[in-house]
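Novice: Below you'll find the structure I mean.
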Amino acid sequence: MNKKFELPLCDQCHSRIHSVFGDLKDSDVKSLNENKCGNIYKKGQVLFYEGNKPTGLFCVNKGKIKTYRINADGKEQIIRLAKEGDVLGYSSLISGDLYSSSAAVIEDAIICYIPRNVFLNLLDSNTTFSMKMIRLLSHDLKSSEDRVVNLAQNTVRERLAETLLMLEEFGGTENDGKTLRTSLSREEIANIVGTATETTIRLLSEFRSDGLIELEGKRIKIVNRGLLLKAANVED
DNA sequence: TGTCAGCAGGCTTGCCACGT
DNA sequence: ACGTGGCAAGCCTGCTGACA
């Protein structure tokens, strides 16, 4: 059981400002606030499972979440990472389909839950909000297309380099500006890249030998961003 | 409260197999 | 030949419970 805590108010929520709910009218914010509920989640806890019926929208107030699918061999493929201000489960809510992926906490989190009818009413009544959701879905579609091409055409080395750069952007860095602020295990990094854990570890060691990164236990420090960009085969 | 042993899970490396 | 994945074994680290 999660311990009781003071649920963040929507009108004072810093994460909401940077989310799709950022520009809502006061009356809509009030409605959200009255109808939402929320909870503290510990690392590893699951928000929803692939194949379940969506009953509401998850809004990340604090912490980090992964969405993933499990393939026939039981191997996990991480599809997306979400942080403060991101929302989860909207595409299934809008389409009326079952969840196409599962979501689990990778860094202790506070998650608000907005019931399905509240979200759909907002979509119906607020054109600006609807347009925001359309833009978000379009962006998701483009990301998925990019990912398919990436998995099909890039080597594991390129994908790992790109993933490290993505993690730098997603989680930021510590005070030194170089060490990735991520609590992901080697296995989880491999599940983003779409390769085996051993291959990921081998390539990380290779990157270290080549002077792209430094490894301090689990921590990864990007020491030569230019070389990493080159390894990822992408423009800065 | 601090220390220590035991344990589990994660990390790393070597070796081998397989496909291109 | 090269890139990649899988398995196995050893090492490392963090957590937990027992004990002084």
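Lettering and numbering for the structure tokens are positional, with chains as A, B, ... in the shown order, residues counted from 1 in each chain, and ligands counted from 1 in the shown order.
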With a distance threshold of 12 Å and counting only C-alpha atoms (C1' of nucleotides), extract the residues of chain A near chain C and express them as a PDB file with C-alpha atoms, in the first residue's frame.

Specialist:
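Produced file out22.pdb, reproduced below:
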ATOM      1  CA  THR A 155      24.151  -0.710 -36.103  1.00  0.00           C
ATOM      2  CA  VAL A 156      23.924  -1.482 -32.377  1.00  0.00           C
ATOM      3  CA  ARG A 157      26.965   0.778 -31.816  1.00  0.00           C
ATOM      4  CA  GLY A 194      17.082  -3.200 -28.714  1.00  0.00           C
ATOM      5  CA  THR A 195      20.013  -5.490 -28.057  1.00  0.00           C
ATOM      6  CA  ALA A 196      21.396  -7.923 -25.485  1.00  0.00           C
ATOM      7  CA  THR A 197      22.676  -6.688 -22.119  1.00  0.00           C
ATOM      8  CA  GLU A 198      26.082  -8.249 -22.793  1.00  0.00           C
ATOM      9  CA  THR A 199      26.411  -6.446 -26.118  1.00  0.00           C
ATOM     10  CA  THR A 200      25.542  -3.138 -24.436  1.00  0.00           C
ATOM     11  CA  ARG A 202      30.780  -4.677 -24.354  1.00  0.00           C
ATOM     12  CA  LEU A 203      30.063  -1.577 -26.442  1.00  0.00           C
ATOM     13  CA  GLY A 217      30.359   1.786 -11.508  1.00  0.00           C
ATOM     14  CA  LYS A 218      26.878   2.136 -12.955  1.00  0.00           C
TER      15      LYS A 218
END

Novice: Output as a ChimeraX atom specification the set of chain B residues within 10 Å of chain A, with distances taken over only C-alpha atoms (C1' of nucleotides).

Specialist: /B:10-13

Novice: Find the spatial neighbours of Gln77 (chain A), counting only C-alpha atoms (C1' of nucleotides), within a cut-off of 7 Å - ignore same-chain residues fewer than 6 positions away - and output them as a list in words.

Specialist: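 Listing them by chain and then by number gives Tyr68, Arg69, Ile70, Asn191, Ile192 and Gly194 of chain A.
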
Novice: Restricting it to all heavy atoms, dump the selection as a short mmCIF file (atom, residue, chain, number, x, y, z; two decimals), in the first residue's frame.

Specialist:
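The resulting file, selection-v1.cif, is shown below:
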data_model
loop_
_atom_site.label_atom_id
_atom_site.label_comp_id
_atom_site.auth_asym_id
_atom_site.auth_seq_id
_atom_site.Cartn_x
_atom_site.Cartn_y
_atom_site.Cartn_z
N TYR A 68 6.77 0.04 -22.18
CA TYR A 68 7.48 -1.07 -22.80
C TYR A 68 6.52 -2.16 -23.25
O TYR A 68 5.37 -2.21 -22.81
CB TYR A 68 8.49 -1.66 -21.80
CG TYR A 68 7.85 -2.19 -20.54
CD1 TYR A 68 7.55 -3.55 -20.41
CD2 TYR A 68 7.50 -1.33 -19.50
CE1 TYR A 68 6.93 -4.03 -19.27
CE2 TYR A 68 6.88 -1.82 -18.36
CZ TYR A 68 6.59 -3.16 -18.24
OH TYR A 68 5.97 -3.65 -17.10
N ARG A 69 7.02 -2.98 -24.14
CA ARG A 69 6.30 -4.20 -24.54
C ARG A 69 7.18 -5.40 -24.28
O ARG A 69 8.40 -5.31 -24.34
CB ARG A 69 5.98 -4.15 -26.04
CG ARG A 69 4.82 -3.27 -26.38
CD ARG A 69 4.34 -3.58 -27.77
NE ARG A 69 3.52 -2.51 -28.29
CZ ARG A 69 2.96 -2.53 -29.50
NH1 ARG A 69 3.14 -3.55 -30.30
NH2 ARG A 69 2.23 -1.52 -29.90
N ILE A 70 6.54 -6.53 -23.99
CA ILE A 70 7.28 -7.79 -23.80
C ILE A 70 7.02 -8.63 -25.05
O ILE A 70 5.88 -8.87 -25.41
CB ILE A 70 6.77 -8.56 -22.56
CG1 ILE A 70 6.85 -7.68 -21.30
CG2 ILE A 70 7.51 -9.86 -22.39
CD1 ILE A 70 8.22 -7.44 -20.75
N ASN A 191 17.53 -2.63 -23.36
CA ASN A 191 16.14 -2.73 -23.80
C ASN A 191 15.67 -1.51 -24.57
O ASN A 191 14.69 -1.58 -25.31
CB ASN A 191 15.22 -2.98 -22.59
CG ASN A 191 15.42 -4.34 -21.97
OD1 ASN A 191 16.05 -5.21 -22.57
ND2 ASN A 191 14.94 -4.52 -20.76
N ILE A 192 16.33 -0.38 -24.37
CA ILE A 192 16.03 0.80 -25.18
C ILE A 192 16.69 0.63 -26.55
O ILE A 192 16.08 0.85 -27.60
CB ILE A 192 16.55 2.09 -24.52
CG1 ILE A 192 15.82 2.34 -23.20
CG2 ILE A 192 16.36 3.29 -25.45
CD1 ILE A 192 16.39 3.50 -22.40
N GLY A 194 17.60 -2.06 -27.98
CA GLY A 194 17.08 -3.20 -28.71
C GLY A 194 18.18 -4.22 -28.97
O GLY A 194 18.36 -4.70 -30.09
#

Novice: Near Asn224 (chain A), within 12 Å and counting only C-alpha atoms (C1' of nucleotides), which residues show up once chain neighbours fewer than 2 positions away are dropped, as JSON, numbers by chain?

Specialist: {"A": [161, 164, 165, 177, 178, 179, 207, 208, 209, 210, 211, 212, 213, 214, 221, 222, 226, 227, 228, 229, 230, 231]}

Novice: State, in Å with one decimal place, the distance from CA of Phe170 (chain A) to CA of Asp86 (chain A).

Specialist: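 Interatomic distance, CA of Phe170 (chain A) to CA of Asp86 (chain A): 11.7 Å.
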
Novice: Within region 4-230 of chain A, find each residue whose DSSP state, derived from the backbone, is helix (DSSP H, G or I), and express the selection as a ChimeraX atom specification.

Specialist: /A:10-12,14-17,26-35,90-95,116-125,127-153,156-171,186-193,197-209,225-230

Novice: How many Å lie between CA of Leu32 (chain A) and CA of Ile94 (chain A), rounded to one decimal?

Specialist: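 Distance reported for this atom pair: 17.5 Å.
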
Novice: Would you mind reading off the distance between CA of Tyr113 (chain A) and CA of Asp140 (chain A), one decimal, in Å?

Specialist: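 So the two atoms, CA of Tyr113 (chain A) and CA of Asp140 (chain A), lie 20.9 Å apart.
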
Novice: If we count only C-alpha atoms (C1' of nucleotides) and set the cut-off at 10 Å, which residues sit around region 95-109 of chain A, ignoring sequence neighbours fewer than 3 positions away in its own chain? Please answer as a PyMOL selection string.

Specialist: chain A and resi 39-55+60-70+77-84+88-92+112+182-185+188
